[in-house]
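Peer 1: Dropping the structure in here first, questions after.
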Amino acid sequence: MKSKITLVFLAVFLAFSAFSFKPKKEKWVSLFNGKDIKDWTVKIFHHEVGDNYGQTFRVEDGIIKVRYDQYDHFNNRYGHLYYKKPFSYYKLRLEYRFTGIWRKDAPDYTLKNSGVMFHSQDPKTMPKEQDWPISVEMQFLAGLGDGKPRPTGNMCSPGTDVFYNGRIDPRHCINSSSKTYEGDQWVKAELVVLGDSLVSHYINGEKVLEYAQPQIGGGVANGYNPAIKIDGKLLKEGFIALQSEGQEIDFRNIEIQVLPVPKSRKK
């Protein structure tokens, strides 16, 4: 009889424990309200902060669209749309798709090429003639229909450096292990950013790249205020921005999950 009571007690305890210690549901917060970009700031090369030249970034059908139909000339007007506040430890997820229209007067490398910047400098610190923000980029690419591999979810580093395979990697861009996505299909991208320690890239739910210690350094970014570019300074936080560089692209379902900062990292 005693053994039966013990077993019943154990079963109840286990059931209660499973209920009590059930992991909390992940809380995702939308950064885009589906109606407008009032929570976002535009910065386009050759233009002042806030000047959305040619309505480059616009909202239609609940989607943020990058368009160039009001441009006479592209003139290297690389643009970025920044969310209103910076983040440090978080997961970011969104969906993107390329349309078939590309500015033929844009540089060749911009064909079916865009991305999302993170740990970026504040757009308000960027002079009118700064081309790229000092930031890290999760680069989005699509296949060119030539049968050659062209992975997406890569890392590019305008004005920054990262540790890859245990050392600072001198390359401006590091390819991911993702497959090639052709056409105008929606692709799901996710970033896991842990302050100035570890960064992971995911495409359609699969980890495709990981690196560490994002920091200011390197080249590519031009026209910045020298006081901002402190090479070697670890990037613990920064702004998130959607990119425009000559290829039309759509973004939707832009969500963030803020993660707790470890006590050892709070200073």
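So you can find residues: chains in the structure tokens are A, B, ... in the order shown, residues in each start at 1, and ligands are numbered from 1 in order.
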Against region 221-244 of chain A, which residues of region 112-213 of chain A fall within 10 Å? For each one I want the closest pair of atoms and the distance in Å (one decimal), counting only C-alpha atoms, rows by chain and increasing residue number, as a Markdown table.
Peer 2:
```
| residue | atom | partner | partner_atom | distance |
| --- | --- | --- | --- | --- |
| A:Asn113 | CA | A:Ser244 | CA | 8.9 |
| A:Ser114 | CA | A:Gln243 | CA | 5.7 |
| A:Gly115 | CA | A:Gln243 | CA | 5.4 |
| A:Val116 | CA | A:Leu242 | CA | 4.6 |
| A:Met117 | CA | A:Ala241 | CA | 4.9 |
| A:Phe118 | CA | A:Ile240 | CA | 4.4 |
| A:His119 | CA | A:Gly238 | CA | 3.5 |
| A:Ser120 | CA | A:Gly238 | CA | 4.7 |
| A:Gln121 | CA | A:Gly238 | CA | 6.0 |
| A:Asp122 | CA | A:Phe239 | CA | 6.4 |
| A:Pro123 | CA | A:Phe239 | CA | 8.4 |
| A:Thr125 | CA | A:Asn225 | CA | 7.7 |
| A:Met126 | CA | A:Tyr224 | CA | 6.3 |
| A:Pro127 | CA | A:Tyr224 | CA | 6.4 |
| A:Lys128 | CA | A:Gly223 | CA | 8.4 |
| A:Glu129 | CA | A:Gly223 | CA | 5.6 |
| A:Gln130 | CA | A:Gly223 | CA | 4.1 |
| A:Asp131 | CA | A:Asn222 | CA | 5.8 |
| A:Trp132 | CA | A:Ala221 | CA | 5.0 |
| A:Pro133 | CA | A:Ala221 | CA | 6.6 |
| A:Ile134 | CA | A:Ala221 | CA | 6.5 |
| A:Ser135 | CA | A:Gly238 | CA | 8.0 |
| A:Val136 | CA | A:Leu235 | CA | 9.5 |
| A:Glu137 | CA | A:Ala241 | CA | 9.1 |
| A:Met138 | CA | A:Leu242 | CA | 10.0 |
| A:Gln139 | CA | A:Gln243 | CA | 9.2 |
| A:Phe140 | CA | A:Gln243 | CA | 9.7 |
| A:Ser157 | CA | A:Ala221 | CA | 8.8 |
| A:Pro158 | CA | A:Ala221 | CA | 5.1 |
| A:Gly159 | CA | A:Ala221 | CA | 5.1 |
| A:Thr160 | CA | A:Asp231 | CA | 7.9 |
| A:Asp161 | CA | A:Gly232 | CA | 8.3 |
| A:Val162 | CA | A:Leu234 | CA | 9.5 |
| A:Val193 | CA | A:Glu237 | CA | 9.1 |
| A:Leu194 | CA | A:Lys236 | CA | 8.2 |
| A:Gly195 | CA | A:Lys236 | CA | 4.4 |
| A:Asp196 | CA | A:Lys236 | CA | 4.4 |
| A:Ser197 | CA | A:Lys236 | CA | 8.1 |
| A:Gln213 | CA | A:Leu234 | CA | 6.6 |
```
Peer 1: To test your reading of the structure, identify every residue in region 108-246 of chain A that backbone DSSP assigns to helix (DSSP H, G or I), and report it as a PyMOL selection string.
Peer 2: chain A and resi 108-110+123-125
Peer 1: With C-alpha atoms kept, could you save the residues just selected as a PDB file, in the first residue's frame?
Peer 2:
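After the write, part38.pdb holds the following:
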```pdb
ATOM      1  CA  ASP A 108      26.631  45.603 -60.833  1.00  0.00           C
ATOM      2  CA  TYR A 109      27.070  44.020 -57.398  1.00  0.00           C
ATOM      3  CA  THR A 110      23.735  45.463 -56.252  1.00  0.00           C
ATOM      4  CA  PRO A 123      21.577  57.807 -38.398  1.00  0.00           C
ATOM      5  CA  LYS A 124      21.602  61.259 -36.786  1.00  0.00           C
ATOM      6  CA  THR A 125      25.402  60.948 -36.482  1.00  0.00           C
TER       7      THR A 125
END
```
Peer 1: If we count only C-alpha atoms and set the cut-off at 12 Å, which residues sit around Ile174 (chain A), ignoring sequence neighbours fewer than 3 positions away in its own chain? Please answer as a ChimeraX atom specification.
Peer 2: /A:136-139,151-157,161-165,168-171,177-178,201,208-211
Peer 1: For the residues selected in the previous step, produce a file with N, CA and C atoms as a short mmCIF file (atom, residue, chain, number, x, y, z; two decimals), in the first residue's frame.
Peer 2:
```cif
data_model
loop_
_atom_site.label_atom_id
_atom_site.label_comp_id
_atom_site.auth_asym_id
_atom_site.auth_seq_id
_atom_site.Cartn_x
_atom_site.Cartn_y
_atom_site.Cartn_z
N VAL A 136 27.06 46.32 -38.91
CA VAL A 136 27.23 44.96 -39.44
C VAL A 136 25.99 44.66 -40.26
N GLU A 137 26.16 43.93 -41.35
CA GLU A 137 25.04 43.64 -42.24
C GLU A 137 24.78 42.14 -42.37
N MET A 138 23.53 41.76 -42.26
CA MET A 138 23.10 40.44 -42.70
C MET A 138 22.66 40.64 -44.14
N GLN A 139 23.49 40.18 -45.06
CA GLN A 139 23.27 40.44 -46.48
C GLN A 139 22.29 39.45 -47.11
N PRO A 151 24.74 32.19 -52.08
CA PRO A 151 24.09 32.06 -50.77
C PRO A 151 23.57 33.39 -50.26
N THR A 152 22.60 33.32 -49.38
CA THR A 152 22.05 34.50 -48.72
C THR A 152 22.30 34.39 -47.22
N GLY A 153 22.00 35.46 -46.49
CA GLY A 153 22.29 35.46 -45.05
C GLY A 153 23.77 35.59 -44.76
N ASN A 154 24.50 36.24 -45.64
CA ASN A 154 25.93 36.44 -45.45
C ASN A 154 26.20 37.58 -44.47
N MET A 155 27.45 37.76 -44.10
CA MET A 155 27.85 38.88 -43.25
C MET A 155 28.69 39.85 -44.05
N CYS A 156 28.34 41.14 -44.01
CA CYS A 156 29.19 42.18 -44.58
C CYS A 156 29.47 43.22 -43.50
N SER A 157 30.58 43.96 -43.66
CA SER A 157 31.07 44.76 -42.53
C SER A 157 31.51 46.17 -42.94
N ASP A 161 34.56 45.13 -38.06
CA ASP A 161 35.28 43.85 -38.15
C ASP A 161 34.53 42.84 -37.27
N VAL A 162 34.73 41.55 -37.58
CA VAL A 162 34.19 40.49 -36.72
C VAL A 162 35.23 39.40 -36.57
N PHE A 163 35.09 38.61 -35.50
CA PHE A 163 35.92 37.43 -35.32
C PHE A 163 35.21 36.24 -35.96
N TYR A 164 35.92 35.56 -36.84
CA TYR A 164 35.38 34.37 -37.52
C TYR A 164 36.45 33.30 -37.48
N ASN A 165 36.09 32.12 -37.01
CA ASN A 165 37.06 31.04 -36.83
C ASN A 165 38.23 31.47 -35.95
N ILE A 168 40.12 37.89 -36.32
CA ILE A 168 39.48 38.92 -37.13
C ILE A 168 39.63 38.56 -38.59
N ASP A 169 38.50 38.47 -39.29
CA ASP A 169 38.53 38.09 -40.69
C ASP A 169 38.65 39.34 -41.55
N PRO A 170 39.66 39.41 -42.43
CA PRO A 170 39.89 40.64 -43.21
C PRO A 170 38.88 40.86 -44.34
N ARG A 171 38.08 39.86 -44.66
CA ARG A 171 37.13 40.00 -45.76
C ARG A 171 35.99 40.95 -45.41
N SER A 177 26.33 29.38 -45.33
CA SER A 177 26.21 28.04 -45.91
C SER A 177 24.82 27.81 -46.50
N SER A 178 24.06 28.87 -46.70
CA SER A 178 22.69 28.70 -47.20
C SER A 178 22.67 28.25 -48.65
N HIS A 201 23.27 33.73 -37.77
CA HIS A 201 22.34 34.00 -38.87
C HIS A 201 21.56 32.74 -39.19
N VAL A 208 23.05 29.33 -40.65
CA VAL A 208 23.91 29.34 -41.84
C VAL A 208 25.24 30.07 -41.60
N LEU A 209 25.36 30.77 -40.47
CA LEU A 209 26.60 31.51 -40.22
C LEU A 209 26.66 31.91 -38.75
N GLU A 210 27.88 31.94 -38.20
CA GLU A 210 28.06 32.38 -36.81
C GLU A 210 29.44 33.02 -36.69
N TYR A 211 29.50 34.11 -35.93
CA TYR A 211 30.76 34.81 -35.71
C TYR A 211 30.65 35.58 -34.39
#
```
Peer 1: From the list A:Arg150, A:Arg252, A:Arg97, A:Arg103, which residue is nearest Gln185 (chain A) when using only C-alpha atoms?
Peer 2: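 Nearest to Gln185 (chain A): A:Arg97.
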Peer 1: For Gly183 (chain A), which residue among A:Phe98, A:Tyr68, A:Phe251, A:Tyr90 is the nearest when counting only C-alpha atoms?
Peer 2: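 That would be A:Phe98, the residue with the smallest distance to Gly183 (chain A).
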Peer 1: Run DSSP on the backbone and give me the residues of region 82-211 of chain A it puts in strand (DSSP E), as a ChimeraX atom specification.
Peer 2: /A:82-83,89-102,113-120,136-141,154-156,160-164,167-168,173-174,187-194,198-203,206-211
Peer 1: Have a look at CA of Tyr82 (chain A) and CA of Val192 (chain A) and let me know their distance in Å, one decimal.
Peer 2: 18.2 Å
Peer 1: Thr99 (chain A): which residues within 7 Å, counting only C-alpha atoms, same-chain residues fewer than 5 positions away excluded, as an mmCIF file with N, CA and C atoms, in the first residue's frame?
Peer 2:
```cif
data_model
loop_
_atom_site.group_PDB
_atom_site.id
_atom_site.type_symbol
_atom_site.label_atom_id
_atom_site.label_comp_id
_atom_site.auth_asym_id
_atom_site.auth_seq_id
_atom_site.Cartn_x
_atom_site.Cartn_y
_atom_site.Cartn_z
ATOM 1 N N ASP A 184 11.352 35.524 -56.987
ATOM 2 C CA ASP A 184 10.774 36.508 -56.069
ATOM 3 C C ASP A 184 10.078 35.854 -54.876
ATOM 4 N N GLU A 248 15.016 46.642 -56.157
ATOM 5 C CA GLU A 248 13.742 46.696 -55.451
ATOM 6 C C GLU A 248 13.570 45.444 -54.595
ATOM 7 N N ILE A 249 13.029 45.662 -53.401
ATOM 8 C CA ILE A 249 12.857 44.564 -52.450
ATOM 9 C C ILE A 249 11.689 44.887 -51.534
#
```
Peer 1: Which distance in Å separates CA of Gln257 (chain A) and CA of Val66 (chain A), to one decimal?
Peer 2: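 Result for CA of Gln257 (chain A) versus CA of Val66 (chain A): 24.7 Å, one decimal.
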Peer 1: Would you pick out the contacts of region 51-57 of chain A at 8 Å or less, using only C-alpha atoms, so that residues sharing its chain but fewer than 4 positions from it are not included, and give the list as a list in words?
Peer 2: Val42, Lys43, Ile44, His47, Ile64, Lys65, Val66, Arg67, Tyr68, Asp69, Gln70, Tyr71, Leu81 and Ser244 of chain A
Peer 1: How would the residues just picked look written out with N, CA, C and O atoms as a short mmCIF file (atom, residue, chain, number, x, y, z; two decimals), in the first residue's frame?
Peer 2:
```cif
data_model
loop_
_atom_site.label_atom_id
_atom_site.label_comp_id
_atom_site.auth_asym_id
_atom_site.auth_seq_id
_atom_site.Cartn_x
_atom_site.Cartn_y
_atom_site.Cartn_z
N VAL A 42 14.76 57.62 -42.19
CA VAL A 42 15.46 57.38 -43.45
C VAL A 42 16.77 58.15 -43.49
O VAL A 42 16.83 59.31 -43.08
N LYS A 43 17.83 57.49 -44.01
CA LYS A 43 19.08 58.20 -44.33
C LYS A 43 19.58 57.66 -45.66
O LYS A 43 19.86 56.46 -45.80
N ILE A 44 19.66 58.55 -46.65
CA ILE A 44 20.10 58.19 -48.00
C ILE A 44 21.35 58.98 -48.35
O ILE A 44 21.42 60.19 -48.07
N HIS A 47 21.90 62.85 -49.09
CA HIS A 47 20.73 63.53 -48.55
C HIS A 47 20.81 63.62 -47.03
O HIS A 47 21.48 62.81 -46.39
N ILE A 64 6.69 46.92 -46.31
CA ILE A 64 7.66 47.98 -46.58
C ILE A 64 8.31 47.67 -47.92
O ILE A 64 8.92 46.61 -48.09
N LYS A 65 8.17 48.61 -48.85
CA LYS A 65 8.71 48.40 -50.19
C LYS A 65 9.82 49.40 -50.49
O LYS A 65 9.74 50.58 -50.12
N VAL A 66 10.86 48.92 -51.16
CA VAL A 66 11.94 49.77 -51.65
C VAL A 66 11.72 49.94 -53.15
O VAL A 66 11.72 48.96 -53.89
N ARG A 67 11.53 51.20 -53.60
CA ARG A 67 11.21 51.46 -55.00
C ARG A 67 12.02 52.66 -55.52
O ARG A 67 12.42 53.54 -54.75
N TYR A 68 12.22 52.70 -56.84
CA TYR A 68 13.03 53.74 -57.47
C TYR A 68 12.31 54.39 -58.65
O TYR A 68 12.95 55.03 -59.49
N ASP A 69 10.99 54.28 -58.72
CA ASP A 69 10.25 54.79 -59.87
C ASP A 69 10.23 56.32 -59.94
O ASP A 69 9.86 56.89 -60.97
N GLN A 70 10.66 57.00 -58.88
CA GLN A 70 10.72 58.46 -58.89
C GLN A 70 12.15 58.97 -59.04
O GLN A 70 12.41 60.17 -58.88
N TYR A 71 13.08 58.08 -59.34
CA TYR A 71 14.49 58.46 -59.55
C TYR A 71 14.74 58.79 -61.02
O TYR A 71 14.33 58.04 -61.90
N LEU A 81 16.75 52.43 -43.81
CA LEU A 81 15.58 52.79 -43.02
C LEU A 81 15.78 52.24 -41.61
O LEU A 81 15.77 51.03 -41.40
N SER A 244 18.58 49.77 -48.91
CA SER A 244 18.21 50.08 -50.29
C SER A 244 19.50 50.38 -51.03
O SER A 244 20.23 51.31 -50.66
#
```
Peer 1: Write out as a list in words each polymer residue whose atoms come within 10 Å of Leu94 (chain A), counting only C-alpha atoms; drop sequence neighbours fewer than 5 positions from it.
Peer 2: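 Contacts, with the query itself left out: Ser30, Leu31, Val116, Trp186, Val187, Lys188, Ala189, Glu190, Leu191, Phe251, Arg252, Asn253, Ile254, Glu255 and Ile256 of chain A.
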Peer 1: For the selection just defined, write its residues with N, CA and C atoms to a file, as a tab-separated table (two decimals), in the first residue's frame.
Peer 2:
```tsv
chain	number	residue	atom	x	y	z
A	30	SER	N	6.32	43.37	-32.84
A	30	SER	CA	6.44	43.86	-34.20
A	30	SER	C	7.09	45.24	-34.21
A	31	LEU	N	8.07	45.43	-35.10
A	31	LEU	CA	8.70	46.74	-35.26
A	31	LEU	C	8.00	47.57	-36.34
A	116	VAL	N	19.87	43.68	-44.08
A	116	VAL	CA	19.45	44.37	-42.86
A	116	VAL	C	20.71	44.67	-42.05
A	186	TRP	N	9.34	34.62	-51.06
A	186	TRP	CA	9.61	35.15	-49.73
A	186	TRP	C	10.61	34.24	-49.01
A	187	VAL	N	11.58	34.84	-48.36
A	187	VAL	CA	12.60	34.11	-47.61
A	187	VAL	C	12.57	34.61	-46.17
A	188	LYS	N	12.63	33.68	-45.21
A	188	LYS	CA	12.62	34.04	-43.79
A	188	LYS	C	14.06	34.15	-43.28
A	189	ALA	N	14.37	35.29	-42.69
A	189	ALA	CA	15.70	35.52	-42.14
A	189	ALA	C	15.59	35.81	-40.65
A	190	GLU	N	16.55	35.31	-39.89
A	190	GLU	CA	16.56	35.57	-38.45
A	190	GLU	C	17.98	35.80	-37.97
A	191	LEU	N	18.12	36.77	-37.08
A	191	LEU	CA	19.39	37.09	-36.43
A	191	LEU	C	19.27	36.83	-34.95
A	251	PHE	N	9.82	43.99	-47.64
A	251	PHE	CA	10.04	43.46	-46.30
A	251	PHE	C	8.70	43.36	-45.57
A	252	ARG	N	8.52	42.30	-44.80
A	252	ARG	CA	7.31	42.17	-43.99
A	252	ARG	C	7.61	41.35	-42.74
A	253	ASN	N	6.62	41.33	-41.82
A	253	ASN	CA	6.73	40.53	-40.59
A	253	ASN	C	8.06	40.77	-39.87
A	254	ILE	N	8.33	42.04	-39.60
A	254	ILE	CA	9.59	42.43	-38.94
A	254	ILE	C	9.34	42.43	-37.43
A	255	GLU	N	9.93	41.46	-36.74
A	255	GLU	CA	9.65	41.28	-35.32
A	255	GLU	C	10.93	41.10	-34.52
A	256	ILE	N	10.87	41.51	-33.26
A	256	ILE	CA	12.03	41.39	-32.39
A	256	ILE	C	11.63	40.74	-31.07
```
Peer 1: When you count only C-alpha atoms, which of these residues is closest to Pro107 (chain A): A:Asn175, A:Glu245, A:Tyr202, A:Gly217?
Peer 2: A:Glu245
Peer 1: To one decimal in Å, tell me the separation between CA of Ile216 (chain A) and CA of Glu95 (chain A).
Peer 2: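 Atom-to-atom, CA of Ile216 (chain A) to CA of Glu95 (chain A), that is 27.7 Å.
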Peer 1: So, counting only C-alpha atoms, which residue among A:Thr180, A:Cys173, A:Arg167, A:His80 is closest to Ala142 (chain A)?
Peer 2: A:Thr180
